[in-house]
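> The structure file upload_27.txt (compact mmCIF, C-alpha atoms) is provided below.
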```txt
# COMPACT_ATOMS: atom_id res chain seq x y z
CA MET A 265 77.16 46.97 83.99
CA GLY A 266 76.60 43.29 83.25
CA TYR A 267 75.19 40.84 85.71
CA ARG A 268 74.80 42.05 89.31
CA ILE A 269 74.17 40.25 92.61
CA PRO A 270 73.75 43.00 95.24
CA PRO A 271 74.92 41.08 98.36
CA LEU A 272 77.98 39.85 96.45
CA ASP A 273 78.76 43.36 95.21
CA ARG A 274 78.43 44.69 98.74
CA LEU A 275 80.97 42.15 99.99
CA ALA A 276 83.33 42.83 97.07
CA ASP A 277 83.08 46.56 97.90
CA GLN A 278 84.26 45.78 101.43
CA PHE A 279 87.26 43.81 100.18
CA GLU A 280 88.05 46.50 97.61
CA ARG A 281 88.47 49.11 100.36
CA ILE A 282 91.52 47.21 101.65
CA PRO A 283 94.60 49.05 100.35
CA GLY A 284 96.25 47.14 97.53
CA VAL A 285 93.14 45.15 96.59
CA GLY A 286 91.65 45.94 93.17
CA ARG A 287 88.16 45.24 91.83
CA LYS A 288 89.03 41.89 90.25
CA SER A 289 90.76 40.57 93.39
CA ALA A 290 87.91 41.84 95.57
CA GLN A 291 85.44 39.92 93.43
CA ARG A 292 87.51 36.75 93.61
CA MET A 293 87.62 37.13 97.40
CA ALA A 294 83.84 37.56 97.55
CA PHE A 295 83.41 34.37 95.49
CA TYR A 296 85.78 32.59 97.86
CA VAL A 297 83.49 33.52 100.76
CA LEU A 298 80.46 32.09 98.91
CA GLY A 299 82.37 28.82 98.60
CA LEU A 300 82.84 28.54 102.38
CA THR A 301 80.53 26.53 104.59
CA ASP A 302 78.18 28.52 106.85
CA GLU A 303 80.40 27.65 109.78
CA GLN A 304 83.58 28.87 108.07
CA ALA A 305 81.92 32.13 107.00
CA GLY A 306 80.76 32.59 110.58
CA GLU A 307 84.29 32.06 111.86
CA PHE A 308 85.62 34.62 109.39
CA ALA A 309 83.08 37.25 110.46
CA ASP A 310 83.75 36.42 114.08
CA ALA A 311 87.54 36.73 113.68
CA LEU A 312 86.96 40.13 112.13
CA LEU A 313 84.81 41.47 114.97
CA ASP A 314 86.94 39.78 117.61
CA ALA A 315 90.20 41.33 116.39
CA LYS A 316 88.56 44.75 116.28
CA LYS A 317 87.11 44.32 119.77
CA LYS A 318 90.05 42.74 121.60
CA VAL A 319 93.07 44.44 120.10
CA HIS A 320 93.88 47.87 121.55
CA CYS A 321 96.94 49.91 122.47
CA CYS A 322 99.34 48.88 125.24
CA SER A 323 98.96 51.37 128.09
CA VAL A 324 102.73 51.85 128.24
CA CYS A 325 104.21 51.73 124.73
CA GLN A 326 101.01 52.19 122.63
CA ASN A 327 101.80 49.06 120.65
CA LEU A 328 98.85 46.85 119.70
CA THR A 329 98.01 44.07 122.13
CA ASP A 330 95.08 42.09 123.46
CA GLY A 331 96.27 42.40 127.07
CA GLU A 332 96.56 45.36 129.44
CA THR A 333 100.23 45.84 128.56
CA CYS A 334 101.96 44.25 125.58
CA PRO A 335 104.26 41.19 125.97
CA VAL A 336 107.34 43.38 125.46
CA CYS A 337 106.43 45.90 128.17
CA SER A 338 105.47 43.17 130.64
CA ASP A 339 108.68 41.20 130.00
CA GLU A 340 111.01 41.70 132.99
CA LYS A 341 113.99 40.43 131.01
CA ARG A 342 113.88 43.27 128.48
CA ASP A 343 115.95 46.39 128.99
CA HIS A 344 113.43 49.07 129.94
CA SER A 345 116.08 51.82 129.83
CA VAL A 346 116.23 51.78 126.01
CA ILE A 347 113.16 52.88 124.04
CA CYS A 348 112.92 52.40 120.29
CA VAL A 349 110.47 54.89 118.75
CA VAL A 350 108.63 53.56 115.67
CA GLU A 351 105.81 54.75 113.47
CA ASP A 352 103.44 51.82 113.76
CA ALA A 353 102.84 48.34 115.12
CA GLN A 354 104.11 46.62 111.97
CA ASP A 355 107.53 48.17 112.64
CA VAL A 356 107.61 46.54 116.09
CA MET A 357 106.95 43.20 114.45
CA ALA A 358 109.81 43.80 112.00
CA PHE A 359 112.23 44.51 114.88
CA GLU A 360 111.00 41.51 116.87
CA ARG A 361 111.64 39.26 113.90
CA THR A 362 115.35 40.18 114.03
CA ARG A 363 115.56 38.83 117.63
CA GLU A 364 118.44 41.28 118.11
CA TYR A 365 116.76 44.06 120.03
CA ASN A 366 116.30 43.67 123.76
CA GLY A 367 114.92 47.07 124.70
CA VAL A 368 111.31 48.27 124.65
CA TYR A 369 109.31 50.27 122.10
CA HIS A 370 107.14 53.31 121.72
CA VAL A 371 104.65 53.38 118.86
CA LEU A 372 103.74 56.86 117.58
CA HIS A 373 100.85 55.67 115.34
CA GLY A 374 101.95 57.92 112.50
CA VAL A 375 104.39 60.72 111.73
CA ILE A 376 104.18 64.48 111.88
CA SER A 377 102.80 65.61 108.54
CA PRO A 378 101.65 69.25 108.43
CA LEU A 379 100.11 68.84 104.96
CA ASP A 380 97.78 66.15 106.31
CA GLY A 381 97.08 68.18 109.44
CA ILE A 382 98.96 65.75 111.68
CA GLY A 383 100.97 67.42 114.43
CA PRO A 384 102.54 65.99 117.60
CA GLU A 385 99.14 66.21 119.37
CA GLN A 386 97.66 63.65 116.94
CA LEU A 387 100.49 61.21 117.70
CA ARG A 388 101.39 59.41 120.93
CA VAL A 389 104.08 61.97 121.78
CA ARG A 390 102.61 63.00 125.14
CA GLU A 391 102.75 59.37 126.27
CA LEU A 392 106.40 59.15 125.21
CA MET A 393 107.36 62.29 127.13
CA ALA A 394 105.53 60.94 130.20
CA ARG A 395 107.63 57.77 130.04
CA LEU A 396 110.82 59.83 129.81
CA ALA A 397 109.81 61.96 132.80
CA ASP A 398 110.37 58.88 134.98
CA ASP A 399 114.01 58.29 135.68
CA GLY A 400 115.65 55.22 134.27
CA VAL A 401 115.47 55.78 130.51
CA LYS A 402 119.01 56.13 129.18
CA GLU A 403 118.55 56.03 125.42
CA VAL A 404 115.87 56.70 122.84
CA ILE A 405 116.44 55.16 119.40
CA MET A 406 114.65 56.97 116.58
CA ALA A 407 113.45 54.35 114.13
CA THR A 408 110.95 56.29 112.05
CA ASN A 409 111.05 55.60 108.31
CA PRO A 410 113.72 57.40 106.24
CA THR A 411 111.11 59.58 104.51
CA VAL A 412 110.77 63.36 104.70
CA ASP A 413 108.01 63.12 107.32
CA GLY A 414 109.80 60.38 109.23
CA GLU A 415 113.01 62.43 109.41
CA ALA A 416 111.14 65.55 110.46
CA THR A 417 109.40 63.62 113.22
CA ALA A 418 112.71 62.20 114.47
CA ALA A 419 114.25 65.68 114.43
CA TYR A 420 111.30 67.18 116.30
CA LEU A 421 111.31 64.47 118.96
CA SER A 422 115.06 64.63 119.50
CA ARG A 423 114.80 68.40 120.11
CA GLN A 424 112.15 67.66 122.75
CA ILE A 425 114.03 64.81 124.37
CA LYS A 426 117.65 66.05 124.52
CA PRO A 427 116.95 68.73 127.19
CA LEU A 428 115.86 65.88 129.49
CA GLY A 429 119.40 64.53 129.44
CA VAL A 430 118.47 61.35 127.58
CA LYS A 431 120.72 60.08 124.77
CA VAL A 432 118.95 60.13 121.39
CA THR A 433 120.21 57.93 118.53
CA ARG A 434 119.09 57.25 114.98
CA LEU A 435 119.14 53.98 112.99
CA ALA A 436 122.15 53.70 110.65
CA TYR A 437 121.68 54.60 107.00
CA GLY A 438 123.55 52.65 104.41
CA ILE A 439 123.34 50.12 101.64
CA PRO A 440 120.93 47.28 102.41
CA VAL A 441 122.53 43.88 102.97
CA GLY A 442 122.28 41.89 99.74
CA GLY A 443 121.81 45.06 97.70
CA THR A 444 124.16 46.18 94.94
CA LEU A 445 126.06 49.48 94.90
CA GLU A 446 125.11 50.00 91.29
CA TYR A 447 121.43 50.31 92.14
CA ALA A 448 121.80 52.26 95.40
CA ASP A 449 120.52 55.83 95.08
CA ASP A 450 122.90 58.77 95.54
CA VAL A 451 121.66 59.83 98.96
CA THR A 452 121.88 56.31 100.38
CA LEU A 453 125.38 55.88 98.99
CA SER A 454 126.67 59.15 100.39
CA ARG A 455 125.10 58.32 103.78
CA ALA A 456 126.78 54.90 103.66
CA LEU A 457 130.11 56.61 102.97
CA GLU A 458 129.54 59.11 105.79
CA GLY A 459 128.69 56.36 108.27
CA ARG A 460 131.58 54.07 107.30
CA SER A 461 133.24 52.12 110.09
CA GLU A 462 136.68 50.57 110.55
CA ILE A 463 136.98 46.83 109.90
CA MET B 209 108.34 33.74 116.41
CA GLY B 210 108.54 37.41 117.32
CA TYR B 211 105.68 39.46 118.63
CA ARG B 212 102.24 37.84 118.54
CA ILE B 213 98.72 39.18 119.05
CA PRO B 214 96.40 36.13 118.94
CA PRO B 215 93.17 37.82 117.73
CA LEU B 216 95.14 39.58 114.99
CA ASP B 217 96.81 36.32 113.94
CA ARG B 218 93.45 34.61 113.84
CA LEU B 219 92.10 37.27 111.48
CA ALA B 220 95.24 37.17 109.32
CA ASP B 221 94.81 33.36 109.11
CA GLN B 222 91.33 33.89 107.72
CA PHE B 223 92.55 36.29 105.05
CA GLU B 224 95.46 33.99 104.20
CA ARG B 225 93.05 31.18 103.28
CA ILE B 226 91.77 33.26 100.36
CA PRO B 227 93.48 31.91 97.21
CA GLY B 228 96.19 34.29 96.01
CA VAL B 229 96.67 36.02 99.38
CA GLY B 230 100.05 35.43 101.06
CA ARG B 231 101.04 35.86 104.70
CA LYS B 232 102.30 39.43 104.33
CA SER B 233 99.18 40.60 102.48
CA ALA B 234 96.96 38.81 105.00
CA GLN B 235 98.69 40.65 107.83
CA ARG B 236 98.30 43.99 106.10
CA MET B 237 94.61 43.23 105.62
CA ALA B 238 94.22 42.39 109.31
CA PHE B 239 95.89 45.70 110.24
CA TYR B 240 93.51 47.47 107.87
CA VAL B 241 90.57 46.00 109.80
CA LEU B 242 92.03 47.28 113.09
CA GLY B 243 92.11 50.74 111.56
CA LEU B 244 88.37 50.68 110.81
CA THR B 245 85.79 52.19 113.13
CA ASP B 246 83.60 49.72 115.07
CA GLU B 247 80.75 50.53 112.73
CA GLN B 248 82.81 49.86 109.59
CA ALA B 249 84.10 46.57 110.97
CA GLY B 250 80.52 45.62 111.80
CA GLU B 251 79.45 46.40 108.23
CA PHE B 252 82.29 44.26 106.86
CA ALA B 253 81.34 41.27 109.02
CA ASP B 254 77.69 41.80 108.14
CA ALA B 255 78.39 41.94 104.38
CA LEU B 256 80.28 38.67 104.75
CA LEU B 257 77.46 36.82 106.49
CA ASP B 258 74.81 38.47 104.35
CA ALA B 259 76.43 37.42 101.05
CA LYS B 260 76.80 33.87 102.32
CA LYS B 261 73.18 33.78 103.52
CA LYS B 262 71.40 35.48 100.63
CA VAL B 263 73.30 34.29 97.57
CA HIS B 264 72.29 30.86 96.27
CA CYS B 265 71.81 29.11 92.95
CA CYS B 266 69.12 30.14 90.47
CA SER B 267 66.53 27.35 90.34
CA VAL B 268 66.70 27.29 86.53
CA CYS B 269 70.29 27.94 85.37
CA GLN B 270 72.20 27.30 88.66
CA ASN B 271 73.88 30.69 88.39
CA LEU B 272 74.37 32.62 91.62
CA THR B 273 71.59 35.03 92.54
CA ASP B 274 69.86 36.52 95.55
CA GLY B 275 66.40 36.00 94.04
CA GLU B 276 64.38 32.88 93.21
CA THR B 277 65.59 32.92 89.61
CA CYS B 278 68.49 35.01 88.29
CA PRO B 279 67.92 38.23 86.32
CA VAL B 280 68.90 36.48 83.07
CA CYS B 281 66.42 33.62 83.49
CA SER B 282 63.61 35.96 84.52
CA ASP B 283 64.25 38.33 81.60
CA GLU B 284 61.51 37.80 78.99
CA LYS B 285 63.54 39.59 76.34
CA ARG B 286 66.37 37.03 76.36
CA ASP B 287 66.34 34.13 73.95
CA HIS B 288 65.51 31.10 76.08
CA SER B 289 66.09 28.72 73.17
CA VAL B 290 69.88 29.12 73.33
CA ILE B 291 71.74 27.88 76.43
CA CYS B 292 75.40 28.70 77.04
CA VAL B 293 77.02 26.11 79.33
CA VAL B 294 79.80 27.52 81.55
CA GLU B 295 81.91 26.22 84.42
CA ASP B 296 81.10 28.83 87.04
CA ALA B 297 79.35 32.07 87.88
CA GLN B 298 82.38 34.23 87.07
CA ASP B 299 82.14 33.01 83.47
CA VAL B 300 78.56 34.30 83.26
CA MET B 301 79.78 37.70 84.42
CA ALA B 302 82.46 37.66 81.72
CA PHE B 303 79.87 36.93 79.01
CA GLU B 304 77.49 39.57 80.37
CA ARG B 305 80.24 42.17 80.22
CA THR B 306 80.49 41.67 76.45
CA ARG B 307 76.79 42.67 76.08
CA GLU B 308 76.78 40.53 72.93
CA TYR B 309 75.06 37.40 74.14
CA ASN B 310 71.28 37.38 74.32
CA GLY B 311 70.60 33.75 75.24
CA VAL B 312 70.50 32.18 78.70
CA TYR B 313 73.10 30.21 80.68
CA HIS B 314 73.65 26.99 82.54
CA VAL B 315 76.32 26.93 85.25
CA LEU B 316 77.90 23.50 85.87
CA HIS B 317 79.76 24.56 89.05
CA GLY B 318 82.93 22.76 87.98
CA VAL B 319 84.16 20.34 85.33
CA ILE B 320 84.39 16.58 85.12
CA SER B 321 87.73 15.64 86.67
CA PRO B 322 88.14 11.93 87.42
CA LEU B 323 91.43 12.48 89.28
CA ASP B 324 89.64 14.76 91.76
CA GLY B 325 86.71 12.36 91.98
CA ILE B 326 84.35 14.75 90.19
CA GLY B 327 81.97 13.08 87.79
CA PRO B 328 78.77 14.33 86.11
CA GLU B 329 76.81 13.56 89.32
CA GLN B 330 78.81 16.16 91.23
CA LEU B 331 77.99 18.82 88.62
CA ARG B 332 74.67 20.38 87.65
CA VAL B 333 74.31 18.08 84.64
CA ARG B 334 70.98 16.58 85.70
CA GLU B 335 69.48 20.08 85.86
CA LEU B 336 70.77 20.81 82.35
CA MET B 337 69.28 17.64 80.92
CA ALA B 338 65.96 18.47 82.60
CA ARG B 339 65.92 21.85 80.87
CA LEU B 340 66.60 20.19 77.51
CA ALA B 341 63.80 17.68 78.04
CA ASP B 342 61.34 20.55 77.61
CA ASP B 343 60.84 21.51 73.99
CA GLY B 344 62.03 24.86 72.84
CA VAL B 345 65.80 24.66 73.28
CA LYS B 346 67.41 24.85 69.86
CA GLU B 347 71.11 25.26 70.64
CA VAL B 348 73.54 24.53 73.46
CA ILE B 349 76.82 26.47 73.33
CA MET B 350 79.70 24.74 75.14
CA ALA B 351 81.75 27.45 76.83
CA THR B 352 83.85 25.43 79.28
CA ASN B 353 87.48 26.49 79.56
CA PRO B 354 89.91 25.23 76.88
CA THR B 355 91.67 22.93 79.38
CA VAL B 356 91.86 19.14 79.30
CA ASP B 357 89.05 18.82 81.85
CA GLY B 358 87.00 21.56 80.21
CA GLU B 359 87.27 19.87 76.81
CA ALA B 360 86.42 16.46 78.23
CA THR B 361 83.35 17.91 79.93
CA ALA B 362 82.22 19.56 76.69
CA ALA B 363 82.74 16.30 74.77
CA TYR B 364 80.82 14.30 77.41
CA LEU B 365 77.91 16.73 77.44
CA SER B 366 77.65 16.96 73.66
CA ARG B 367 77.44 13.13 73.48
CA GLN B 368 74.53 13.29 75.95
CA ILE B 369 72.75 16.18 74.26
CA LYS B 370 73.03 15.34 70.54
CA PRO B 371 70.61 12.36 70.72
CA LEU B 372 67.94 14.82 71.90
CA GLY B 373 68.11 16.55 68.52
CA VAL B 374 69.52 19.78 69.95
CA LYS B 375 72.35 21.58 68.10
CA VAL B 376 75.57 21.66 70.14
CA THR B 377 78.25 24.23 69.35
CA ARG B 378 81.63 25.15 70.84
CA LEU B 379 83.26 28.57 71.31
CA ALA B 380 85.78 29.42 68.55
CA TYR B 381 89.46 28.81 69.21
CA GLY B 382 91.97 31.24 67.79
CA ILE B 383 94.46 33.95 68.49
CA PRO B 384 93.20 36.42 71.12
CA VAL B 385 92.42 39.91 69.84
CA GLY B 386 95.39 42.17 70.55
CA GLY B 387 97.73 39.17 70.86
CA THR B 388 100.77 38.57 68.66
CA LEU B 389 101.27 35.52 66.45
CA GLU B 390 104.85 35.22 67.66
CA TYR B 391 103.74 34.44 71.20
CA ALA B 392 100.75 32.25 70.34
CA ASP B 393 101.34 28.59 71.27
CA ASP B 394 101.37 25.91 68.55
CA VAL B 395 97.99 24.41 69.38
CA THR B 396 96.24 27.78 69.43
CA LEU B 397 97.83 28.74 66.12
CA SER B 398 96.89 25.51 64.36
CA ARG B 399 93.33 25.84 65.69
CA ALA B 400 93.21 29.42 64.42
CA LEU B 401 94.31 28.18 60.99
CA GLU B 402 91.75 25.38 61.04
CA GLY B 403 88.93 27.75 61.92
CA ARG B 404 89.88 30.47 59.41
CA SER B 405 87.06 32.34 57.73
CA GLU B 406 86.74 34.24 54.48
CA ILE B 407 87.00 38.02 54.60
```
Hey, can you dump this file as structure tokens for me?

Amino acid sequence: MGYRIPPLDRLADQFERIPGVGRKSAQRMAFYVLGLTDEQAGEFADALLDAKKKVHCCSVCQNLTDGETCPVCSDEKRDHSVICVVEDAQDVMAFERTREYNGVYHVLHGVISPLDGIGPEQLRVRELMARLADDGVKEVIMATNPTVDGEATAAYLSRQIKPLGVKVTRLAYGIPVGGTLEYADDVTLSRALEGRSEI
Amino acid sequence: MGYRIPPLDRLADQFERIPGVGRKSAQRMAFYVLGLTDEQAGEFADALLDAKKKVHCCSVCQNLTDGETCPVCSDEKRDHSVICVVEDAQDVMAFERTREYNGVYHVLHGVISPLDGIGPEQLRVRELMARLADDGVKEVIMATNPTVDGEATAAYLSRQIKPLGVKVTRLAYGIPVGGTLEYADDVTLSRALEGRSEI
């Protein structure tokens, strides 16, 4: 077991629980903390508690925010008649980085996954349906990930939404920009062919 | 700049300061913290402050410990007449993992590096010389890293120590076990040849 310093191990254990961080990295991170001044370590701990305390879900779109509603929902200039449905808050950030999308979002906080015991009740589906009950929403864009669970969730939601008379669309599948045809998988390539457009 | 949540950014900034952690990883780590329960986040912050508060240098060997002296220095069964001089606490852990070394350590907390303004006064050299002033130390093993600064530090220390009549040795250079000759660099290979032993 070698040489052990219990408080250091305890901190390394905390870092190791972060997905994608192995034992060696966790230990290096713990050593980094020991090298901080007391003030810096205090700031780190404070940032941790503060983020956890202040960040919660937007009351409208369920995206993460530190306000009552998120900046997107409270922005009058955005088109509130188009809702883009995504799996989690990171996806919203990805869309916002494109600066192309002017509608609003709805964050499900997961996907339907029967094997993991996650049904529509565990997701923010009720909140989405409540938003659609109000008039004014013209289109819902399904932007769940192109995985089995993501597709199933999109299919389930579109079955629920269509009877309300709202248009439901899905993100385009195709070859990624900058990718090469040679390395595209069969399904992606056939979807790209299916979705071809005139130039 | 896309969508921003200030407390989340602040936490991601903290993670990003850890060497080897980029912006994307830091953001993922911050999202991981948001997914913790309040109790878990509290434990994380507590582990951080606790490690910083409780871990300090051993009064004898300057290694990190949460006690007055480190477990190695307080172990009666270790050979206190042999001191292995290393750059930092991680190096002690590496030696302890081998379970081969039965002497004690001295941690310099860095190497002499004139370009960075680090001389012997900035390292724990005085503490090492004080330990050697007592009788009983027979050998000092230089185990600084095989870098220019590490070598210079070892050379400087051995010049200081030899007049005291203490044997000074250096770790063996050679090809790493499991390595291939083809990929060994020239200096390593010529050192391996120089230090060859009869079989």
> Compare A:Tyr447, A:Tyr437, A:Phe295, A:Tyr369 by their minimum atom-to-atom distance to chain B, counting only C-alpha atoms, and give me the closest one.
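Answer, going by the shortest atom-to-atom distance: A:Phe295.
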> Considering only C-alpha atoms, state which residue in the set A:Ser377, A:Gln278, A:Gln291, A:Thr444 is at the smallest distance from A:Val412.
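Closest candidate: A:Ser377.
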> Within 6 Å of B:Val348, counting only C-alpha atoms, which residues show up once you throw out same-chain ones fewer than 4 positions away? Write them as a list in words, please.
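So the residues in contact are Val290, Ile291, Cys292 and Val376 of chain B.
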> Enter the distance from atom CA of A:Gln326 to atom CA of A:Val371, in Å, rounded to one decimal.
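Separation between atom CA of A:Gln326 and atom CA of A:Val371: 5.4 Å.
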> Can you check which residues of chain A have any atom within 8 Å of chain B? Use only C-alpha atoms and format it as an MDAnalysis selection string.
chainID A and resid 265:267 269:272 274:275 278 282:283 293 296:298 302 305:306 308:319 328:330 335 356:357 360:361 363
> Centre and edge lengths of an axis-aligned box around all listed atoms of stretch 379-383 of chain A, with 5 Å added on each side, are to be given in Å to one decimal, as JSON.

```
{"center_x": 99.0, "center_y": 67.3, "center_z": 109.7, "size_x": 13.9, "size_y": 13.1, "size_z": 19.5}
```
> As an exercise, work out the distance from atom CA of B:Ala380 to atom CA of B:Leu340 in Å and give it to one decimal place.
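These atoms are spaced 23.1 Å apart.
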> From the options B:Leu401, B:His288, B:Glu308, B:Glu390, which residue's atoms come nearest to B:Asp343, counting all atoms listed in the file?
B:His288
> Since the input is missing atoms, can you rebuild N, CA and C atoms for stretch 357-376 of chain A and write them as a PDB file, keeping the file's coordinate frame?

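Final output, result_30.pdb:
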```pdb
ATOM      1  N   MET A 357     106.855  44.589 114.891  1.00  0.00           N
ATOM      2  CA  MET A 357     106.950  43.200 114.450  1.00  0.00           C
ATOM      3  C   MET A 357     108.229  42.965 113.655  1.00  0.00           C
ATOM      4  N   ALA A 358     108.595  43.935 112.806  1.00  0.00           N
ATOM      5  CA  ALA A 358     109.810  43.800 112.000  1.00  0.00           C
ATOM      6  C   ALA A 358     111.035  43.710 112.919  1.00  0.00           C
ATOM      7  N   PHE A 359     111.097  44.559 113.954  1.00  0.00           N
ATOM      8  CA  PHE A 359     112.230  44.510 114.880  1.00  0.00           C
ATOM      9  C   PHE A 359     112.252  43.204 115.662  1.00  0.00           C
ATOM     10  N   GLU A 360     111.069  42.748 116.084  1.00  0.00           N
ATOM     11  CA  GLU A 360     111.000  41.510 116.870  1.00  0.00           C
ATOM     12  C   GLU A 360     111.445  40.306 116.061  1.00  0.00           C
ATOM     13  N   ARG A 361     111.214  40.370 114.753  1.00  0.00           N
ATOM     14  CA  ARG A 361     111.640  39.260 113.900  1.00  0.00           C
ATOM     15  C   ARG A 361     113.160  39.127 113.884  1.00  0.00           C
ATOM     16  N   THR A 362     113.884  40.240 114.061  1.00  0.00           N
ATOM     17  CA  THR A 362     115.350  40.180 114.030  1.00  0.00           C
ATOM     18  C   THR A 362     115.903  39.463 115.263  1.00  0.00           C
ATOM     19  N   ARG A 363     115.144  39.423 116.355  1.00  0.00           N
ATOM     20  CA  ARG A 363     115.560  38.830 117.630  1.00  0.00           C
ATOM     21  C   ARG A 363     116.852  39.449 118.169  1.00  0.00           C
ATOM     22  N   GLU A 364     117.187  40.650 117.722  1.00  0.00           N
ATOM     23  CA  GLU A 364     118.440  41.280 118.110  1.00  0.00           C
ATOM     24  C   GLU A 364     118.217  42.362 119.164  1.00  0.00           C
ATOM     25  N   TYR A 365     117.020  42.903 119.188  1.00  0.00           N
ATOM     26  CA  TYR A 365     116.760  44.060 120.030  1.00  0.00           C
ATOM     27  C   TYR A 365     116.177  43.629 121.358  1.00  0.00           C
ATOM     28  N   ASN A 366     116.770  44.096 122.433  1.00  0.00           N
ATOM     29  CA  ASN A 366     116.300  43.670 123.760  1.00  0.00           C
ATOM     30  C   ASN A 366     115.667  44.787 124.577  1.00  0.00           C
ATOM     31  N   GLY A 367     115.531  45.975 123.964  1.00  0.00           N
ATOM     32  CA  GLY A 367     114.920  47.070 124.700  1.00  0.00           C
ATOM     33  C   GLY A 367     113.405  47.051 124.546  1.00  0.00           C
ATOM     34  N   VAL A 368     112.762  48.178 124.818  1.00  0.00           N
ATOM     35  CA  VAL A 368     111.310  48.270 124.650  1.00  0.00           C
ATOM     36  C   VAL A 368     110.996  49.261 123.523  1.00  0.00           C
ATOM     37  N   TYR A 369     109.717  49.448 123.237  1.00  0.00           N
ATOM     38  CA  TYR A 369     109.310  50.270 122.100  1.00  0.00           C
ATOM     39  C   TYR A 369     108.420  51.425 122.525  1.00  0.00           C
ATOM     40  N   HIS A 370     108.237  52.356 121.602  1.00  0.00           N
ATOM     41  CA  HIS A 370     107.140  53.310 121.720  1.00  0.00           C
ATOM     42  C   HIS A 370     106.579  53.535 120.324  1.00  0.00           C
ATOM     43  N   VAL A 371     105.282  53.280 120.173  1.00  0.00           N
ATOM     44  CA  VAL A 371     104.650  53.380 118.860  1.00  0.00           C
ATOM     45  C   VAL A 371     103.933  54.721 118.744  1.00  0.00           C
ATOM     46  N   LEU A 372     104.322  55.524 117.749  1.00  0.00           N
ATOM     47  CA  LEU A 372     103.740  56.860 117.580  1.00  0.00           C
ATOM     48  C   LEU A 372     102.368  56.828 116.915  1.00  0.00           C
ATOM     49  N   HIS A 373     102.079  55.769 116.151  1.00  0.00           N
ATOM     50  CA  HIS A 373     100.850  55.670 115.340  1.00  0.00           C
ATOM     51  C   HIS A 373     100.796  56.786 114.308  1.00  0.00           C
ATOM     52  N   GLY A 374     101.905  56.940 113.578  1.00  0.00           N
ATOM     53  CA  GLY A 374     101.950  57.920 112.500  1.00  0.00           C
ATOM     54  C   GLY A 374     103.202  58.774 112.586  1.00  0.00           C
ATOM     55  N   VAL A 375     103.280  59.755 111.706  1.00  0.00           N
ATOM     56  CA  VAL A 375     104.390  60.720 111.730  1.00  0.00           C
ATOM     57  C   VAL A 375     103.814  62.115 111.604  1.00  0.00           C
ATOM     58  N   ILE A 376     104.600  63.089 112.019  1.00  0.00           N
ATOM     59  CA  ILE A 376     104.180  64.480 111.880  1.00  0.00           C
ATOM     60  C   ILE A 376     104.110  64.803 110.392  1.00  0.00           C
TER      61      ILE A 376
END
```
